[in-house]
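Each remark here refers to the structure printed beneath this line.
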Amino acid sequence: MEPSPGQQAARDRIAAGLAAAGFALPGTLTVRAYACGKPSCRCHADPPRLHGPYAEWTRKIGGKTVTRRLSPAELADYQPLFDNAKKIRALLAELQDLTLQVIEADSSQEP
Ligand SMILES: [Zn+2]
């Protein structure tokens with residue numbers, strides 16, 4: 001593997017970003033409003049007045065998908081931890097793309 005100076009610099013930048021990463025939560029956070037199952041409810045009126053919006057945290061626990069509703073206080077506390085996780089995923093994807101470029105450049109130089 002022979003990364004170019006530019007690729008080395010890109011790796012250093014990504015690694016610095018990862019090194020500076022804060023605490024991060026697994027799973028996804030979605031904020032949504034919804035209609036319930038009660039036909040007479042206001043959420044089925046015209047115009048509909050949906051329930052929520054609620055913040056829901058979905059993740060896998062032991063192979064099972066688990067969704068938990070977060071209170072507004074929890075959402076405020078946890079939002080930065082989801083943001084950190086997103087940043088880390090983006091940096092990792094960037095590092096993987098960069099690494100692919102390095103090995104592809106390598107294999108194209110083979111005789
Ligand atoms: Zn309803």
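Following the order of the structure tokens, first chain is A, next is B, and so on, with residues numbered from 1 inside each chain and ligands from 1 in the order they appear.
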
Residues of chain A in helix (DSSP H, G or I), written as a PyMOL selection string: chain A and resi 5-19+42-44+72-109

Those of chain A in DSSP strand (DSSP E or B), formatted as a count of residues only: 25

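Nearest residue to A:Asp97 among A:Asn84, A:Arg11, A:Thr58, A:Gly17 is A:Arg11, counting only C-alpha atoms.
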
Sort by chain and increasing residue number a table of all residues of chain A within 10 Å of ligand 1, each with its closest pair of atoms and their distance in Å to one decimal, counting only C-alpha atoms and all ligand atoms, and write it as JSON lines.
{"residue": "A:Tyr34", "atom": "CA", "partner": "ligand 1", "partner_atom_place_in_ligand_line": "1 (Zn)", "distance": 7.8}
{"residue": "A:Ala35", "atom": "CA", "partner": "ligand 1", "partner_atom_place_in_ligand_line": "1 (Zn)", "distance": 5.1}
{"residue": "A:Cys36", "atom": "CA", "partner": "ligand 1", "partner_atom_place_in_ligand_line": "1 (Zn)", "distance": 4.0}
{"residue": "A:Gly37", "atom": "CA", "partner": "ligand 1", "partner_atom_place_in_ligand_line": "1 (Zn)", "distance": 6.4}
{"residue": "A:Lys38", "atom": "CA", "partner": "ligand 1", "partner_atom_place_in_ligand_line": "1 (Zn)", "distance": 5.7}
{"residue": "A:Pro39", "atom": "CA", "partner": "ligand 1", "partner_atom_place_in_ligand_line": "1 (Zn)", "distance": 7.5}
{"residue": "A:Ser40", "atom": "CA", "partner": "ligand 1", "partner_atom_place_in_ligand_line": "1 (Zn)", "distance": 7.8}
{"residue": "A:Cys41", "atom": "CA", "partner": "ligand 1", "partner_atom_place_in_ligand_line": "1 (Zn)", "distance": 4.5}
{"residue": "A:Arg42", "atom": "CA", "partner": "ligand 1", "partner_atom_place_in_ligand_line": "1 (Zn)", "distance": 5.7}
{"residue": "A:Cys43", "atom": "CA", "partner": "ligand 1", "partner_atom_place_in_ligand_line": "1 (Zn)", "distance": 4.3}
{"residue": "A:His44", "atom": "CA", "partner": "ligand 1", "partner_atom_place_in_ligand_line": "1 (Zn)", "distance": 6.6}
{"residue": "A:Ala45", "atom": "CA", "partner": "ligand 1", "partner_atom_place_in_ligand_line": "1 (Zn)", "distance": 9.1}
{"residue": "A:Pro48", "atom": "CA", "partner": "ligand 1", "partner_atom_place_in_ligand_line": "1 (Zn)", "distance": 9.1}
{"residue": "A:Arg49", "atom": "CA", "partner": "ligand 1", "partner_atom_place_in_ligand_line": "1 (Zn)", "distance": 8.0}
{"residue": "A:Leu50", "atom": "CA", "partner": "ligand 1", "partner_atom_place_in_ligand_line": "1 (Zn)", "distance": 6.6}
{"residue": "A:His51", "atom": "CA", "partner": "ligand 1", "partner_atom_place_in_ligand_line": "1 (Zn)", "distance": 6.2}
{"residue": "A:Gly52", "atom": "CA", "partner": "ligand 1", "partner_atom_place_in_ligand_line": "1 (Zn)", "distance": 9.9}

Shell around A:Glu74 at 12 Å using only C-alpha atoms, local window under 4 positions removed, as an MDAnalysis selection string: chainID A and resid 29 54:57 68:70 78:82

Residues near A:Arg59, cut-off 8 Å, only C-alpha atoms, skip fewer than 3 positions along chain, as a list of chain:residue names: A:Pro26, A:Gly27, A:Thr28, A:Thr65, A:Val66, A:Thr67

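The space separating atom CA of A:Gln8 from atom CA of A:Ala24 comes to 26.4 Å.
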
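Nearest to A:Ser107 of all the residues A:Ala85, A:Met1, A:Leu75, A:Ala9 is A:Met1, based on only C-alpha atoms.
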
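Close contacts of A:Thr99, defined as residues with an atom at most 10 Å away when counting only C-alpha atoms, with chain neighbours fewer than 3 positions off set aside, comprise A:Met1, A:Pro3, A:Gln7, A:Arg11, A:Ala93, A:Glu94, A:Leu95, A:Gln96, A:Val102, A:Ile103, A:Glu104, A:Ala105.
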
Expected file contents, prior selection, N, CA, C and O atoms, as a CSV table (one decimal), in the first residue's frame:
chain,number,residue,atom,x,y,z
A,1,MET,N,0.8,-1.2,0.0
A,1,MET,CA,0.0,0.0,0.0
A,1,MET,C,0.9,1.2,0.0
A,1,MET,O,1.7,1.4,0.9
A,3,PRO,N,0.2,5.1,-0.1
A,3,PRO,CA,-0.6,6.3,-0.2
A,3,PRO,C,0.2,7.5,-0.7
A,3,PRO,O,1.4,7.6,-0.3
A,7,GLN,N,-3.1,11.7,0.1
A,7,GLN,CA,-3.9,10.7,0.8
A,7,GLN,C,-3.5,10.5,2.2
A,7,GLN,O,-4.3,10.3,3.1
A,11,ARG,N,-5.9,11.1,5.4
A,11,ARG,CA,-6.0,10.2,6.5
A,11,ARG,C,-5.7,10.8,7.8
A,11,ARG,O,-6.4,10.6,8.8
A,93,ALA,N,-16.8,6.4,6.9
A,93,ALA,CA,-17.1,6.2,5.5
A,93,ALA,C,-16.1,6.8,4.6
A,93,ALA,O,-15.6,6.3,3.6
A,94,GLU,N,-15.6,8.0,5.0
A,94,GLU,CA,-14.6,8.8,4.3
A,94,GLU,C,-13.3,8.0,4.3
A,94,GLU,O,-12.6,7.9,3.2
A,95,LEU,N,-13.0,7.5,5.4
A,95,LEU,CA,-11.7,6.7,5.6
A,95,LEU,C,-11.7,5.5,4.7
A,95,LEU,O,-10.7,5.1,4.0
A,96,GLN,N,-12.9,4.8,4.6
A,96,GLN,CA,-13.0,3.6,3.8
A,96,GLN,C,-13.0,3.9,2.3
A,96,GLN,O,-12.3,3.2,1.6
A,102,VAL,N,-6.7,4.1,-2.3
A,102,VAL,CA,-5.3,3.8,-2.2
A,102,VAL,C,-5.1,2.4,-2.8
A,102,VAL,O,-4.1,2.2,-3.6
A,103,ILE,N,-5.9,1.4,-2.4
A,103,ILE,CA,-5.6,0.0,-2.9
A,103,ILE,C,-5.9,-0.1,-4.4
A,103,ILE,O,-5.3,-0.9,-5.1
A,104,GLU,N,-6.9,0.7,-4.9
A,104,GLU,CA,-7.2,0.6,-6.3
A,104,GLU,C,-6.0,1.2,-7.1
A,104,GLU,O,-5.7,0.7,-8.2
A,105,ALA,N,-5.4,2.3,-6.6
A,105,ALA,CA,-4.3,2.9,-7.2
A,105,ALA,C,-3.1,1.9,-7.2
A,105,ALA,O,-2.4,1.8,-8.2

Point-to-point distance from atom CA of A:Arg89 to atom CA of A:Ile61, Å rounded to tenths: 19.4 Å
